[in-house]
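Visitor: Got a structure for you, written out below as structure tokens; questions coming shortly.
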Amino acid sequence: MSLSTGIVNYHFELDSFKLKNQDLISSWIKQIFLDKDESFKQLNYIFCSDDYLLDINQRFLNHDYYTDIITFPISKNPIESDIFISIDRVKDNATDRNITFENELHRVMIHGVLHLLGQADGTEEEKKQMRNSENDALYKLESLA
């Protein structure tokens, strides 16, 4: 399957949020897959509230806590996935880290992609590598803008 056939969809459970630069973000995500010699069929980003994502976390993962992202792979070959992102968590994380909302949002968005590409973050060493991969991807986005 050609990478150009990959589709990135954006869905908004919050009326108060719209993703800026959707075409640029989609091109960036496709470039990350290309850089890893991978392709995908479809990614669905669903931007939602803390409560919306907490409900998903409780019902499907039996976790009773807030999180910024949950990635649900639908298929591995070709890669298809639903990626839920809490805008509330992203805002709080950006404030806590003293970075822009957009920077944190993009970091979280690519975090889900990196998981789909097989990158883990369970151990301290894996977390460090994940952060490095996120930073590399964010740098790539800056170069595309």
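Residue numbering restarts at 1 in every chain; chains get A, B, ... in the order shown in the structure tokens, and ligands count up from 1 in that same order.
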Determine, counting only C-alpha atoms, which protein, DNA and RNA residues have an atom within 12 Å of an atom of Ser27 in chain A; residues of the same chain fewer than 5 positions away are not included. Present the result as a PyMOL selection string.

Guide: chain A and resi 3-8+21-22+32-34+140-141+143-145

Visitor: Once you have the residues from the selection above, write them out as a short mmCIF file (atom, residue, chain, number, x, y, z; two decimals), in the first residue's frame, restricted to N, CA and C atoms.

Guide:
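Saved to again-v8.cif:
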data_model
loop_
_atom_site.label_atom_id
_atom_site.label_comp_id
_atom_site.auth_asym_id
_atom_site.auth_seq_id
_atom_site.Cartn_x
_atom_site.Cartn_y
_atom_site.Cartn_z
N LEU A 3 1.95 5.04 0.81
CA LEU A 3 1.71 5.96 1.92
C LEU A 3 0.71 7.03 1.55
N SER A 4 0.71 7.43 0.30
CA SER A 4 -0.20 8.50 -0.12
C SER A 4 -1.67 8.12 0.04
N THR A 5 -1.94 6.82 0.19
CA THR A 5 -3.33 6.40 0.37
C THR A 5 -3.80 6.53 1.82
N GLY A 6 -2.87 6.79 2.75
CA GLY A 6 -3.24 6.94 4.15
C GLY A 6 -4.11 8.16 4.36
N ILE A 7 -5.14 7.98 5.16
CA ILE A 7 -6.08 9.07 5.45
C ILE A 7 -6.02 9.39 6.94
N VAL A 8 -5.92 10.68 7.25
CA VAL A 8 -5.98 11.14 8.63
C VAL A 8 -7.28 11.93 8.77
N ASN A 21 -4.27 24.09 11.18
CA ASN A 21 -3.31 23.56 10.20
C ASN A 21 -3.47 22.06 9.95
N GLN A 22 -4.69 21.62 9.75
CA GLN A 22 -4.96 20.18 9.59
C GLN A 22 -4.19 19.57 8.42
N ILE A 32 6.20 11.03 9.09
CA ILE A 32 6.74 10.19 10.18
C ILE A 32 6.63 8.72 9.79
N PHE A 33 5.50 8.32 9.22
CA PHE A 33 5.36 6.94 8.75
C PHE A 33 6.37 6.64 7.65
N LEU A 34 6.51 7.55 6.70
CA LEU A 34 7.45 7.36 5.60
C LEU A 34 8.88 7.22 6.12
N LYS A 140 10.76 17.96 13.08
CA LYS A 140 10.36 17.74 11.69
C LYS A 140 9.13 18.59 11.34
N LEU A 141 8.20 18.68 12.28
CA LEU A 141 7.01 19.52 12.03
C LEU A 141 7.42 20.98 11.85
N SER A 143 10.12 22.09 10.66
CA SER A 143 10.77 22.25 9.36
C SER A 143 9.76 22.25 8.21
N LEU A 144 8.61 21.62 8.42
CA LEU A 144 7.56 21.60 7.39
C LEU A 144 6.75 22.89 7.35
N ALA A 145 6.69 23.57 8.48
CA ALA A 145 5.84 24.77 8.59
C ALA A 145 6.38 25.94 7.81
#

Visitor: Applying 10 Å and only C-alpha atoms, which residues near Leu117 in chain A remain after dropping the ones on its own chain fewer than 4 positions away? List them as a list in words.

Guide: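 What passes the distance filter is Ile32, Phe33, Lys36, Asp37, Glu38, Ser39, Phe40, Lys76, Ile79, His111, Gly112 and Val113 of chain A.
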
Visitor: Write out as a PyMOL selection string the residues lying within 12 Å of Glu134 in chain A, counting only C-alpha atoms and excluding same-chain residues fewer than 6 positions away.

Guide: chain A and resi 29+32+103-115+119+121+127-128+140-141

Visitor: How many Å lie between CA of Glu125 in chain A and CA of Leu138 in chain A, rounded to one decimal?

Guide: 20.0 Å

Visitor: Work out how far CA of Thr71 in chain A is from CA of Arg59 in chain A, in Å to one decimal.

Guide: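 Computing the Euclidean distance for CA of Arg59 in chain A and CA of Thr71 in chain A yields 14.3 Å.
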
Visitor: Assign secondary structure with DSSP using the backbone only, and return the residues of chain A in strand (DSSP E) as a CSV table (one decimal) with C-alpha atoms, in the first residue's frame.

Guide:
chain,number,residue,atom,x,y,z
A,7,ILE,CA,-6.1,9.1,5.4
A,8,VAL,CA,-6.0,11.1,8.6
A,9,ASN,CA,-9.4,12.1,9.9
A,10,TYR,CA,-10.2,14.6,12.7
A,11,HIS,CA,-13.3,14.4,14.9
A,12,PHE,CA,-14.3,16.9,17.5
A,40,PHE,CA,-1.1,3.3,7.2
A,41,LYS,CA,-4.7,3.1,5.9
A,42,GLN,CA,-6.5,5.3,8.3
A,43,LEU,CA,-6.0,7.3,11.5
A,44,ASN,CA,-9.0,8.8,13.3
A,45,TYR,CA,-8.1,11.5,15.9
A,46,ILE,CA,-10.9,12.2,18.3
A,47,PHE,CA,-10.5,15.3,20.4
A,48,CYS,CA,-12.5,15.2,23.5
A,69,ILE,CA,-4.3,9.9,25.1
A,70,ILE,CA,-5.6,6.5,24.4
A,71,THR,CA,-4.7,4.8,21.1
A,72,PHE,CA,-6.9,1.9,20.0
A,73,PRO,CA,-5.3,0.0,17.1
A,74,ILE,CA,-8.0,-1.4,14.8
A,75,SER,CA,-5.7,-3.4,12.6
A,76,LYS,CA,-1.9,-3.8,12.2
A,79,ILE,CA,-2.3,0.1,10.3
A,80,GLU,CA,-5.7,1.6,11.3
A,81,SER,CA,-6.4,3.3,14.6
A,82,ASP,CA,-8.6,5.5,16.6
A,83,ILE,CA,-6.7,8.0,18.7
A,84,PHE,CA,-8.5,9.8,21.5
A,85,ILE,CA,-7.0,12.9,23.0
A,86,SER,CA,-8.2,14.9,26.0

Visitor: Between CA of Glu102 in chain A and CA of Leu19 in chain A, what is the distance, to one decimal in Å?

Guide: 9.3 Å
